[in-house]
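Chemist: Structure supplied as query.pdb; contents: PDB, C-alpha atoms.
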ATOM      1  CA  MET A1004     128.641  78.474  66.513
ATOM      2  CA  ILE A1005     126.437  81.551  66.389
ATOM      3  CA  GLU A1006     128.381  83.371  69.078
ATOM      4  CA  LEU A1007     131.424  83.457  66.793
ATOM      5  CA  ARG A1008     129.943  86.041  64.481
ATOM      6  CA  LEU A1009     127.678  87.774  66.922
ATOM      7  CA  PRO A1010     129.538  91.112  67.013
ATOM      8  CA  LEU A1011     129.207  91.722  63.271
ATOM      9  CA  SER A1012     125.699  90.258  63.019
ATOM     10  CA  LEU A1013     124.622  92.581  65.775
ATOM     11  CA  LEU A1014     126.102  95.555  63.971
ATOM     12  CA  ASN A1015     124.380  94.547  60.734
ATOM     13  CA  ALA A1016     121.081  94.235  62.536
ATOM     14  CA  ALA A1017     121.543  97.707  63.991
ATOM     15  CA  GLN A1018     120.968  99.367  60.626
ATOM     16  CA  ASN A1019     118.563 102.311  60.974
ATOM     17  CA  LYS A1020     118.770 101.968  64.765
ATOM     18  CA  PRO A1021     120.198 104.571  67.141
ATOM     19  CA  MET A1022     123.639 103.945  68.561
ATOM     20  CA  LEU A1023     126.398 105.558  70.555
ATOM     21  CA  VAL A1024     129.945 105.157  69.282
ATOM     22  CA  GLU A1025     132.992 106.101  71.340
ATOM     23  CA  LEU A1026     136.320 106.462  69.566
ATOM     24  CA  LYS A1027     139.708 105.631  71.033
ATOM     25  CA  ASN A1028     140.356 109.359  71.509
ATOM     26  CA  GLY A1029     137.198 109.711  73.646
ATOM     27  CA  GLU A1030     135.020 111.510  71.104
ATOM     28  CA  THR A1031     131.468 110.194  70.980
ATOM     29  CA  PHE A1032     128.970 110.014  68.128
ATOM     30  CA  ASN A1033     125.230 109.572  68.642
ATOM     31  CA  GLY A1034     123.308 108.768  65.502
ATOM     32  CA  HIS A1035     121.422 106.227  63.430
ATOM     33  CA  LEU A1036     123.408 103.568  61.616
ATOM     34  CA  VAL A1037     123.208 103.869  57.837
ATOM     35  CA  ASN A1038     125.705 101.220  56.827
ATOM     36  CA  CYS A1039     128.603  99.108  58.070
ATOM     37  CA  ASP A1040     131.114  96.550  56.816
ATOM     38  CA  ASN A1041     133.184  93.694  58.209
ATOM     39  CA  PHE A1042     135.960  96.075  59.306
ATOM     40  CA  MET A1043     133.328  97.854  61.424
ATOM     41  CA  ASN A1044     133.679 100.926  59.266
ATOM     42  CA  ILE A1045     130.329 102.650  59.710
ATOM     43  CA  THR A1046     128.273 105.546  58.422
ATOM     44  CA  LEU A1047     125.869 107.356  60.729
ATOM     45  CA  ARG A1048     123.165 109.912  59.929
ATOM     46  CA  GLU A1049     121.723 112.759  62.046
ATOM     47  CA  VAL A1050     124.791 112.644  64.258
ATOM     48  CA  TYR A1051     125.592 114.470  67.486
ATOM     49  CA  GLN A1052     129.341 114.474  68.010
ATOM     50  CA  THR A1053     130.900 115.396  71.381
ATOM     51  CA  ASN A1054     134.519 116.159  72.147
ATOM     52  CA  PRO A1055     136.493 113.903  74.558
ATOM     53  CA  ASP A1056     135.703 116.139  77.579
ATOM     54  CA  GLY A1057     132.016 115.959  76.714
ATOM     55  CA  ASP A1058     131.504 119.709  77.047
ATOM     56  CA  ARG A1059     131.149 120.636  73.372
ATOM     57  CA  PHE A1060     129.116 119.153  70.580
ATOM     58  CA  TRP A1061     128.381 119.428  66.903
ATOM     59  CA  LYS A1062     125.469 118.299  64.802
ATOM     60  CA  VAL A1063     126.548 116.458  61.679
ATOM     61  CA  LYS A1064     124.173 115.308  58.975
ATOM     62  CA  GLU A1065     126.108 112.228  58.032
ATOM     63  CA  CYS A1066     129.536 110.880  58.891
ATOM     64  CA  TYR A1067     131.835 107.957  58.157
ATOM     65  CA  ILE A1068     133.880 106.399  60.955
ATOM     66  CA  ARG A1069     136.805 104.099  60.293
ATOM     67  CA  GLY A1070     136.360 100.874  62.251
ATOM     68  CA  SER A1071     139.893 100.807  63.591
ATOM     69  CA  THR A1072     139.319 104.093  65.500
ATOM     70  CA  ILE A1073     136.341 102.740  67.460
ATOM     71  CA  LYS A1074     136.566 101.823  71.148
ATOM     72  CA  TYR A1075     133.031 100.500  71.602
ATOM     73  CA  LEU A1076     129.467 100.764  70.336
ATOM     74  CA  ARG A1077     126.330 100.892  72.416
ATOM     75  CA  VAL A1078     123.214  99.545  70.699
ATOM     76  CA  PRO A1079     119.538  99.063  71.689
ATOM     77  CA  ASP A1080     118.983  96.131  74.092
ATOM     78  CA  THR A1081     116.227  94.683  71.925
ATOM     79  CA  LEU A1082     118.647  93.883  69.100
ATOM     80  CA  LEU A1083     120.227  90.919  70.849
ATOM     81  CA  ASP A1084     117.072  88.804  70.869
ATOM     82  CA  ALA A1085     116.315  89.808  67.290
ATOM     83  CA  VAL A1086     119.779  88.696  66.128
ATOM     84  CA  LYS A1087     119.719  85.430  68.066
ATOM     85  CA  GLU A1088     116.300  84.591  66.692
ATOM     86  CA  GLU A1089     117.438  85.407  63.173
ATOM     87  CA  GLN A1090     120.542  83.240  63.552
ATOM     88  CA  ASN A1091     118.554  80.329  64.935
ATOM     89  CA  LYS A1092     116.188  80.543  61.996
ATOM     90  CA  ALA A1093     119.110  80.683  59.582
ATOM     91  CA  ARG A1094     120.707  77.679  61.211
ATOM     92  CA  GLU A1095     117.507  75.680  61.032
ATOM     93  CA  ALA A1096     117.133  76.531  57.377
ATOM     94  CA  GLY A1097     120.665  75.196  56.963
ATOM     95  CA  ARG A1098     122.006  78.276  55.305
ATOM     96  CA  SER A1099     124.521  80.868  56.382
ATOM     97  CA  ALA A1100     123.198  83.778  58.388
ATOM     98  CA  ARG A1101     126.040  86.009  57.218
ATOM     99  CA  GLY A1102     124.809  89.465  56.344
ATOM    100  CA  SER A1103     121.451  88.768  57.898
ATOM    101  CA  HIS A1104     119.326  91.859  58.206
ATOM    102  CA  VAL A1105     116.646  92.346  60.802
ATOM    103  CA  SER A1106     114.010  94.582  59.306
ATOM    104  CA  GLY A1107     112.529  97.324  61.460
ATOM    105  CA  SER A1108     110.921  95.500  64.332
ATOM    106  CA  GLY A1109     109.092  97.879  66.614
ATOM    107  CA  GLY A1110     111.464  97.673  69.565
ATOM    108  CA  ARG A1111     111.574 100.455  72.082
ATOM    109  CA  GLY A1112     114.282 103.045  71.647
ATOM    110  CA  MET A1113     117.554 102.744  73.482
ATOM    111  CA  CYS A1114     118.242 104.578  76.688
ATOM    112  CA  CYS A1115     119.892 107.767  75.470
ATOM    113  CA  HIS A1116     123.433 108.775  76.148
ATOM    114  CA  TYR A1117     123.214 111.452  78.812
ATOM    115  CA  ALA A1118     124.423 114.184  76.476
ATOM    116  CA  LEU A1119     121.513 113.828  74.080
ATOM    117  CA  PRO A1120     118.710 115.650  75.928
ATOM    118  CA  CYS A1121     120.962 118.610  76.645
ATOM    119  CA  MET A1122     121.993 118.741  73.041
ATOM    120  CA  PHE A1123     118.438 118.864  71.826
ATOM    121  CA  ALA A1124     117.760 121.677  74.248
ATOM    122  CA  TYR A1125     120.726 123.676  73.079
ATOM    123  CA  SER A1126     120.931 122.908  69.434
ATOM    124  CA  ASP A1127     117.645 124.152  68.003
ATOM    125  CA  GLU A1128     119.179 126.954  65.990
ATOM    126  CA  HIS A1129     122.924 126.777  66.171
ATOM    127  CA  GLU A1130     123.437 123.039  65.694
ATOM    128  CA  GLN A1131     126.476 123.232  67.929
ATOM    129  CA  GLY A1132     127.213 124.596  71.338
ATOM    130  CA  VAL A1133     128.397 124.053  74.876
ATOM    131  CA  LEU A1134     126.939 121.547  77.316
ATOM    132  CA  PRO A1135     126.121 122.316  80.955
ATOM    133  CA  SER A1136     128.800 121.832  83.599
ATOM    134  CA  LYS A1137     129.865 118.352  84.754
ATOM    135  CA  GLU A1138     127.727 118.655  87.923
ATOM    136  CA  VAL A1139     124.610 119.518  85.982
ATOM    137  CA  ARG A1140     125.307 116.749  83.519
ATOM    138  CA  SER A1141     125.752 114.169  86.226
ATOM    139  CA  ASN A1142     122.303 115.086  87.545
ATOM    140  CA  ILE A1143     120.852 114.761  84.090
ATOM    141  CA  GLU A1144     122.498 111.403  83.766
ATOM    142  CA  ILE A1145     120.697 110.171  86.830
ATOM    143  CA  LEU A1146     117.393 111.475  85.531
ATOM    144  CA  ILE A1147     117.795 109.587  82.285
ATOM    145  CA  TYR A1148     118.978 106.328  83.639
ATOM    146  CA  PHE A1149     116.345 105.788  86.293
TER     147      PHE A1149
ATOM    148  CA  MET B  41     140.815  81.705  69.958
ATOM    149  CA  SER B  42     138.782  78.881  71.440
ATOM    150  CA  SER B  43     139.728  80.167  74.863
ATOM    151  CA  LEU B  44     136.811  82.628  74.948
ATOM    152  CA  GLN B  45     134.203  79.965  74.193
ATOM    153  CA  GLY B  46     133.815  78.977  77.848
ATOM    154  CA  TYR B  47     132.671  82.483  78.773
ATOM    155  CA  VAL B  48     129.550  82.635  76.595
ATOM    156  CA  ASP B  49     126.381  83.280  78.641
ATOM    157  CA  ARG B  50     128.511  83.680  81.775
ATOM    158  CA  PRO B  51     128.849  86.802  83.926
ATOM    159  CA  VAL B  52     132.169  88.447  83.120
ATOM    160  CA  LEU B  53     134.330  91.417  84.023
ATOM    161  CA  LEU B  54     135.859  93.236  81.073
ATOM    162  CA  VAL B  55     138.886  95.466  81.562
ATOM    163  CA  LEU B  56     139.509  97.952  78.725
ATOM    164  CA  GLN B  57     142.724  99.652  77.674
ATOM    165  CA  ASP B  58     141.519 103.006  79.040
ATOM    166  CA  GLY B  59     141.114 101.389  82.476
ATOM    167  CA  ARG B  60     137.337 101.008  82.453
ATOM    168  CA  ALA B  61     135.841  97.980  84.195
ATOM    169  CA  ILE B  62     132.582  96.681  82.732
ATOM    170  CA  VAL B  63     130.536  93.753  84.048
ATOM    171  CA  GLY B  64     127.884  91.963  82.028
ATOM    172  CA  THR B  65     126.868  88.715  80.394
ATOM    173  CA  MET B  66     129.066  87.602  77.507
ATOM    174  CA  ALA B  67     126.653  87.184  74.588
ATOM    175  CA  GLY B  68     129.255  86.449  71.930
ATOM    176  CA  PHE B  69     132.653  87.137  70.428
ATOM    177  CA  ASP B  70     134.613  86.633  67.205
ATOM    178  CA  GLN B  71     138.134  85.785  66.011
ATOM    179  CA  LYS B  72     139.367  89.329  66.610
ATOM    180  CA  SER B  73     138.114  89.072  70.218
ATOM    181  CA  ASN B  74     135.420  91.661  69.554
ATOM    182  CA  VAL B  75     132.960  91.054  72.369
ATOM    183  CA  VAL B  76     129.231  91.593  72.880
ATOM    184  CA  LEU B  77     128.043  92.090  76.461
ATOM    185  CA  SER B  78     124.384  92.197  77.483
ATOM    186  CA  ASP B  79     122.981  93.831  80.635
ATOM    187  CA  SER B  80     126.345  95.502  81.046
ATOM    188  CA  LYS B  81     127.258  97.990  83.760
ATOM    189  CA  GLU B  82     130.355 100.089  84.149
ATOM    190  CA  ARG B  83     131.942  99.954  87.595
ATOM    191  CA  VAL B  84     133.476 103.310  88.387
ATOM    192  CA  TYR B  85     136.140 103.054  91.092
ATOM    193  CA  SER B  86     137.331 105.992  93.140
ATOM    194  CA  ALA B  87     139.747 106.422  96.036
ATOM    195  CA  ASP B  88     137.356 108.452  98.192
ATOM    196  CA  GLU B  89     133.928 107.088  97.278
ATOM    197  CA  GLY B  90     132.355 103.656  96.945
ATOM    198  CA  VAL B  91     132.068 101.957  93.562
ATOM    199  CA  GLU B  92     129.361 103.402  91.340
ATOM    200  CA  GLU B  93     127.576 101.125  88.859
ATOM    201  CA  ILE B  94     126.319 102.762  85.678
ATOM    202  CA  PRO B  95     123.969 100.677  83.527
ATOM    203  CA  LEU B  96     125.048 100.516  79.882
ATOM    204  CA  GLY B  97     122.815  97.845  78.328
ATOM    205  CA  LEU B  98     123.954  96.067  75.176
ATOM    206  CA  TYR B  99     127.577  96.805  74.383
ATOM    207  CA  LEU B 100     129.892  95.848  71.540
ATOM    208  CA  VAL B 101     133.558  96.299  72.457
ATOM    209  CA  LYS B 102     136.298  96.188  69.814
ATOM    210  CA  GLY B 103     138.843  93.439  70.416
ATOM    211  CA  ASP B 104     141.867  95.723  70.260
ATOM    212  CA  GLN B 105     140.504  97.669  73.254
ATOM    213  CA  ILE B 106     140.331  94.641  75.527
ATOM    214  CA  VAL B 107     142.905  93.951  78.219
ATOM    215  CA  LEU B 108     141.297  91.104  80.067
ATOM    216  CA  ILE B 109     138.066  89.149  80.355
ATOM    217  CA  GLY B 110     137.452  87.458  83.681
ATOM    218  CA  GLU B 111     134.714  85.031  84.656
ATOM    219  CA  LEU B 112     132.909  86.290  87.766
ATOM    220  CA  ASP B 113     132.194  84.034  90.697
ATOM    221  CA  GLU B 114     128.605  85.280  91.058
ATOM    222  CA  GLU B 115     128.281  84.309  94.694
ATOM    223  CA  LYS B 116     131.520  85.986  95.624
ATOM    224  CA  ASP B 117     130.650  89.036  93.545
ATOM    225  CA  ARG B 118     127.271  89.393  95.262
ATOM    226  CA  SER B 119     128.879  89.078  98.683
ATOM    227  CA  VAL B 120     131.063  92.128  98.054
ATOM    228  CA  ASP B 121     129.518  95.395  99.197
ATOM    229  CA  LEU B 122     130.703  97.674  96.411
ATOM    230  CA  SER B 123     129.850 100.810  98.393
ATOM    231  CA  THR B 124     132.644  99.959 100.853
ATOM    232  CA  ILE B 125     135.363  99.510  98.217
ATOM    233  CA  ARG B 126     137.856 102.364  97.898
ATOM    234  CA  ALA B 127     140.353 102.049  95.074
ATOM    235  CA  ASP B 128     141.763 104.068  92.233
ATOM    236  CA  PRO B 129     140.569 103.042  88.794
ATOM    237  CA  ILE B 130     142.680 100.439  86.979
ATOM    238  CA  PRO B 131     145.491 102.342  85.223
ATOM    239  CA  PRO B 132     145.241 102.696  81.441
ATOM    240  CA  ILE B 133     147.594 100.726  79.210
ATOM    241  CA  HIS B 134     150.811 102.540  78.309
ATOM    242  CA  TYR B 135     153.141 101.172  75.676
TER     243      TYR B 135
ATOM    244  CA  MET C 131     155.613  80.321  66.565
ATOM    245  CA  LEU C 132     158.440  79.024  68.762
ATOM    246  CA  ILE C 133     157.301  80.985  71.802
ATOM    247  CA  PHE C 134     153.763  79.734  71.205
ATOM    248  CA  SER C 135     155.149  76.179  71.473
ATOM    249  CA  VAL C 136     157.089  77.064  74.618
ATOM    250  CA  PHE C 137     153.905  78.338  76.260
ATOM    251  CA  LYS C 138     152.074  75.179  75.219
ATOM    252  CA  THR C 139     154.632  73.055  77.069
ATOM    253  CA  LEU C 140     153.942  75.149  80.167
ATOM    254  CA  THR C 141     150.195  74.476  80.413
ATOM    255  CA  ASP C 142     149.046  73.634  83.933
ATOM    256  CA  GLN C 143     152.057  75.447  85.423
ATOM    257  CA  ARG C 144     151.724  78.497  87.666
ATOM    258  CA  VAL C 145     152.881  81.663  85.895
ATOM    259  CA  THR C 146     152.784  85.390  86.679
ATOM    260  CA  VAL C 147     151.699  87.731  83.918
ATOM    261  CA  GLU C 148     152.603  91.412  84.144
ATOM    262  CA  LEU C 149     150.376  93.620  82.014
ATOM    263  CA  LYS C 150     151.095  96.948  80.357
ATOM    264  CA  ASN C 151     148.795  98.623  82.889
ATOM    265  CA  ASP C 152     151.189  97.432  85.654
ATOM    266  CA  LEU C 153     148.764  94.790  86.941
ATOM    267  CA  SER C 154     150.405  91.459  87.808
ATOM    268  CA  ILE C 155     148.293  88.314  87.832
ATOM    269  CA  THR C 156     149.374  84.865  88.980
ATOM    270  CA  GLY C 157     147.465  81.806  87.833
ATOM    271  CA  THR C 158     147.571  78.354  86.307
ATOM    272  CA  LEU C 159     148.202  78.528  82.564
ATOM    273  CA  LYS C 160     145.254  76.783  80.944
ATOM    274  CA  SER C 161     145.703  77.633  77.285
ATOM    275  CA  VAL C 162     147.406  79.916  74.829
ATOM    276  CA  ASP C 163     146.708  80.697  71.169
ATOM    277  CA  GLN C 164     148.716  81.981  68.197
ATOM    278  CA  PHE C 165     148.247  85.607  69.331
ATOM    279  CA  LEU C 166     149.724  84.616  72.717
ATOM    280  CA  ASN C 167     146.358  85.325  74.313
ATOM    281  CA  ILE C 168     146.452  83.541  77.664
ATOM    282  CA  ARG C 169     143.859  81.718  79.774
ATOM    283  CA  LEU C 170     144.622  81.606  83.498
ATOM    284  CA  ASP C 171     142.770  79.634  86.172
ATOM    285  CA  GLY C 172     142.740  80.187  89.929
ATOM    286  CA  ILE C 173     144.014  83.723  89.576
ATOM    287  CA  LYS C 174     145.430  86.020  92.218
ATOM    288  CA  VAL C 175     146.238  89.685  91.631
ATOM    289  CA  LEU C 176     149.438  90.964  93.201
ATOM    290  CA  ASP C 177     148.805  93.899  95.557
ATOM    291  CA  GLU C 178     145.093  93.109  96.026
ATOM    292  CA  GLN C 179     144.822  96.059  98.389
ATOM    293  CA  ARG C 180     145.451  98.429  95.513
ATOM    294  CA  TYR C 181     143.615  96.379  92.869
ATOM    295  CA  PRO C 182     140.421  94.980  94.438
ATOM    296  CA  HIS C 183     138.703  95.187  91.028
ATOM    297  CA  MET C 184     139.187  91.498  90.264
ATOM    298  CA  MET C 185     138.263  90.076  93.680
ATOM    299  CA  ALA C 186     135.408  87.938  92.354
ATOM    300  CA  VAL C 187     137.206  86.768  89.198
ATOM    301  CA  LYS C 188     138.202  83.104  89.270
ATOM    302  CA  ASN C 189     139.714  82.666  85.808
ATOM    303  CA  CYS C 190     140.506  85.030  82.986
ATOM    304  CA  PHE C 191     141.436  85.540  79.355
ATOM    305  CA  ILE C 192     144.292  88.000  78.836
ATOM    306  CA  ARG C 193     144.833  89.597  75.449
ATOM    307  CA  GLY C 194     148.354  88.853  74.210
ATOM    308  CA  SER C 195     148.893  92.415  73.027
ATOM    309  CA  VAL C 196     148.706  93.841  76.567
ATOM    310  CA  VAL C 197     151.204  91.443  78.162
ATOM    311  CA  ARG C 198     154.519  92.997  79.183
ATOM    312  CA  TYR C 199     156.202  89.973  80.818
ATOM    313  CA  VAL C 200     155.382  86.400  81.703
ATOM    314  CA  GLN C 201     157.371  84.974  84.604
ATOM    315  CA  LEU C 202     157.940  81.295  83.901
ATOM    316  CA  PRO C 203     158.781  78.517  86.373
ATOM    317  CA  ALA C 204     162.542  78.102  85.701
ATOM    318  CA  GLU C 205     162.524  74.393  86.504
ATOM    319  CA  HIS C 206     160.060  73.729  83.689
ATOM    320  CA  VAL C 207     161.982  75.515  80.949
ATOM    321  CA  ASP C 208     164.823  73.596  79.346
ATOM    322  CA  THR C 209     166.893  76.576  78.221
ATOM    323  CA  GLN C 210     169.399  74.357  76.386
ATOM    324  CA  LEU C 211     166.600  72.879  74.317
ATOM    325  CA  LEU C 212     165.158  76.352  73.754
ATOM    326  CA  GLU C 213     168.503  77.670  72.506
ATOM    327  CA  ASP C 214     168.824  74.775  70.074
ATOM    328  CA  ALA C 215     165.284  75.246  68.839
ATOM    329  CA  THR C 216     165.908  78.948  68.343
ATOM    330  CA  ARG C 217     169.015  78.252  66.249
ATOM    331  CA  ARG C 218     167.105  75.689  64.184
ATOM    332  CA  GLU C 219     164.303  78.165  63.554
ATOM    333  CA  ALA C 220     166.768  80.903  62.632
ATOM    334  CA  ALA C 221     168.582  78.555  60.239
ATOM    335  CA  ASN C 222     165.269  77.569  58.634
ATOM    336  CA  GLN C 223     164.351  81.180  58.138
ATOM    337  CA  THR C 224     167.636  82.115  56.401
ATOM    338  CA  LYS C 225     167.251  79.084  54.120
ATOM    339  CA  ARG C 226     163.793  80.287  52.992
TER     340      ARG C 226
END
Let me see the file written as structure tokens.

Modeler:
Amino acid sequence: MIELRLPLSLLNAAQNKPMLVELKNGETFNGHLVNCDNFMNITLREVYQTNPDGDRFWKVKECYIRGSTIKYLRVPDTLLDAVKEEQNKAREAGRSARGSHVSGSGGRGMCCHYALPCMFAYSDEHEQGVLPSKEVRSNIEILIYF
Amino acid sequence: MSSLQGYVDRPVLLVLQDGRAIVGTMAGFDQKSNVVLSDSKERVYSADEGVEEIPLGLYLVKGDQIVLIGELDEEKDRSVDLSTIRADPIPPIHY
Amino acid sequence: MLIFSVFKTLTDQRVTVELKNDLSITGTLKSVDQFLNIRLDGIKVLDEQRYPHMMAVKNCFIRGSVVRYVQLPAEHVDTQLLEDATRREAANQTKR
């Protein structure tokens, strides 16, 4: 039953891919996945961290996040097909797909979390700062999503 | 844990502990009820505006954050005009 | 484990589950697992006016950890039997 290990396979396949992680306290982390384990402990690199209100951010070179503090992860859409394909292949070959690793397939990047473009604009020198007001951000959100 | 098996590849509504409602297709799950949703959208409810749908794409939700997973009756769901619905968000879990 | 068994005897009965977010859902108990996760069929949310969020949901999986109460059909619970079973389980546990 491939579905039964899909969450962790997906996370494994997300190595070197961009992702958004929200913690239970509302903080978010945008970065590229370096490594992960079966507890969903993860390390990210080139991270943009925002506070729960989403009005402040920090740039962090690398960070470790304990799996138990995570609410959800958002990963690139293209990963799902890659993982399913990989698992099908593994099943056909009659071996376990555990720890399968999808090497860098040229999928398109994920749709960014709305905070990202503002952060790039503001973080050139200071690597931390304040985001525009909620109203401005909601407009930006619309621009990004559509 | 077999009780989630019937939801795979079906359209579902996910209610999270913080009160968020997310719809999408259940792509998979595991023993800890971690769930993967594809083509997911958050439905943002408000008392004085219609429901807003925000596309989220591929989502992995930790099992301990999940309150409820419901199978959507697609026909019934389509027949609801979300812009006419006025309701407060689902309350968050309090222990 | 005892309560797990009790729930198993109640499959196909109508129950009302009150969640820790104050939502109450009535439905037919389809299955339960060792975490007391619950599958309900033919569900109806109490106070649909206030909670229209689940209008198009026909059946659902509820995580055991968010359940506050389950209202059981009294006529389908043999409380005498349950008391006896509880004593037996308690006795077994002290023996161990």

Chemist: Under the ChimeraX specification (/B :<7) & /C, which residues of this model are included? Write them out as a PyMOL selection string.

Modeler: chain C and resi 150-151+161+163+169+180-181+186-193+196

Chemist: Include C-alpha atoms and write out the residues we just selected as an mmCIF file, in the frame of the given file.

Modeler:
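File produced: selection_1.cif:
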data_model
loop_
_atom_site.group_PDB
_atom_site.id
_atom_site.type_symbol
_atom_site.label_atom_id
_atom_site.label_comp_id
_atom_site.auth_asym_id
_atom_site.auth_seq_id
_atom_site.Cartn_x
_atom_site.Cartn_y
_atom_site.Cartn_z
ATOM 1 C CA LYS C 150 151.095 96.948 80.357
ATOM 2 C CA ASN C 151 148.795 98.623 82.889
ATOM 3 C CA SER C 161 145.703 77.633 77.285
ATOM 4 C CA ASP C 163 146.708 80.697 71.169
ATOM 5 C CA ARG C 169 143.859 81.718 79.774
ATOM 6 C CA ARG C 180 145.451 98.429 95.513
ATOM 7 C CA TYR C 181 143.615 96.379 92.869
ATOM 8 C CA ALA C 186 135.408 87.938 92.354
ATOM 9 C CA VAL C 187 137.206 86.768 89.198
ATOM 10 C CA LYS C 188 138.202 83.104 89.270
ATOM 11 C CA ASN C 189 139.714 82.666 85.808
ATOM 12 C CA CYS C 190 140.506 85.030 82.986
ATOM 13 C CA PHE C 191 141.436 85.540 79.355
ATOM 14 C CA ILE C 192 144.292 88.000 78.836
ATOM 15 C CA ARG C 193 144.833 89.597 75.449
ATOM 16 C CA VAL C 196 148.706 93.841 76.567
#

Chemist: Which chain B residues have any atom within 7 Å of an atom of chain A, and for each, what is the nearest pair of atoms with distance in Å to one decimal, counting only C-alpha atoms, rows sorted by chain and number, as JSON lines?

Modeler:
{"residue": "B:Ala67", "atom": "CA", "partner": "A:Glu1006", "partner_atom": "CA", "distance": 6.9}
{"residue": "B:Gly68", "atom": "CA", "partner": "A:Glu1006", "partner_atom": "CA", "distance": 4.3}
{"residue": "B:Phe69", "atom": "CA", "partner": "A:Leu1007", "partner_atom": "CA", "distance": 5.3}
{"residue": "B:Asp70", "atom": "CA", "partner": "A:Leu1007", "partner_atom": "CA", "distance": 4.5}
{"residue": "B:Asn74", "atom": "CA", "partner": "A:Pro1010", "partner_atom": "CA", "distance": 6.4}
{"residue": "B:Val75", "atom": "CA", "partner": "A:Pro1010", "partner_atom": "CA", "distance": 6.4}
{"residue": "B:Val76", "atom": "CA", "partner": "A:Pro1010", "partner_atom": "CA", "distance": 5.9}
{"residue": "B:Gly97", "atom": "CA", "partner": "A:Asp1080", "partner_atom": "CA", "distance": 6.0}
{"residue": "B:Leu98", "atom": "CA", "partner": "A:Asp1080", "partner_atom": "CA", "distance": 5.1}
{"residue": "B:Tyr99", "atom": "CA", "partner": "A:Arg1077", "partner_atom": "CA", "distance": 4.7}
{"residue": "B:Leu100", "atom": "CA", "partner": "A:Leu1076", "partner_atom": "CA", "distance": 5.1}
{"residue": "B:Val101", "atom": "CA", "partner": "A:Tyr1075", "partner_atom": "CA", "distance": 4.3}
{"residue": "B:Lys102", "atom": "CA", "partner": "A:Tyr1075", "partner_atom": "CA", "distance": 5.7}
{"residue": "B:Gln105", "atom": "CA", "partner": "A:Lys1074", "partner_atom": "CA", "distance": 6.1}

Chemist: Selected by the PyMOL selection byres ((chain C and resi 172) around 10) in the shown coordinates: which residues, as a list in words?

Modeler: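 Residues picked by the PyMOL selection byres ((chain C and resi 172) around 10): Arg144, Thr156, Gly157, Thr158, Leu159, Lys160, Leu170, Asp171, Ile173, Lys174, Val187, Lys188, Asn189 and Cys190 of chain C.
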
Chemist: Do you have the CA of Leu166 (chain C)-CA of His206 (chain C) distance handy?

Modeler: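 Result for CA of Leu166 (chain C) versus CA of His206 (chain C): 18.6 Å, one decimal.
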
Chemist: Could you tell me which of A:Ala1096, A:Lys1062, A:Pro1055, A:Tyr1067 comes closest to Leu1036 (chain A) if we count only C-alpha atoms?

Modeler: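 Among the listed residues, the smallest separation from Leu1036 (chain A) belongs to A:Tyr1067.
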
Chemist: Quote the spacing between CA of Glu178 (chain C) and CA of Asp152 (chain C) in Å to one decimal place.

Modeler: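 Answer for the CA of Glu178 (chain C) to CA of Asp152 (chain C) separation: 12.8 Å.
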
Chemist: Suppose you want the space between CA of Gln1052 (chain A) and CA of Leu77 (chain B); what is it in Å?

Modeler: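 Result for CA of Gln1052 (chain A) versus CA of Leu77 (chain B): 24.0 Å, one decimal.
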
Chemist: Of the candidates C:Ala220, C:Leu202, C:Ile168, C:Met184, which one gets nearest to Val145 (chain C) if we count only C-alpha atoms?

Modeler: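 Looking at the shortest contact to Val145 (chain C), the residue is C:Leu202.
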
Chemist: Centre and edge lengths, as AutoDock Vina command-line options, for the axis-aligned box enclosing every listed atom of region 1081-1097 of chain A with 3 Å of padding on each of the six sides, in Å to one decimal?

Modeler:
--center_x 118.4 --center_y 84.9 --center_z 64.4 --size_x 10.5 --size_y 25.5 --size_z 21.0

Chemist: For this file, the PyMOL selection byres ((chain A and resi 1054) around 10) selects which residues, as a list in words?

Modeler: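 Those residues are Asn1028, Gly1029, Glu1030, Thr1031, Phe1032, Gln1052, Thr1053, Pro1055, Asp1056, Gly1057, Asp1058, Arg1059, Phe1060 and Trp1061 of chain A.
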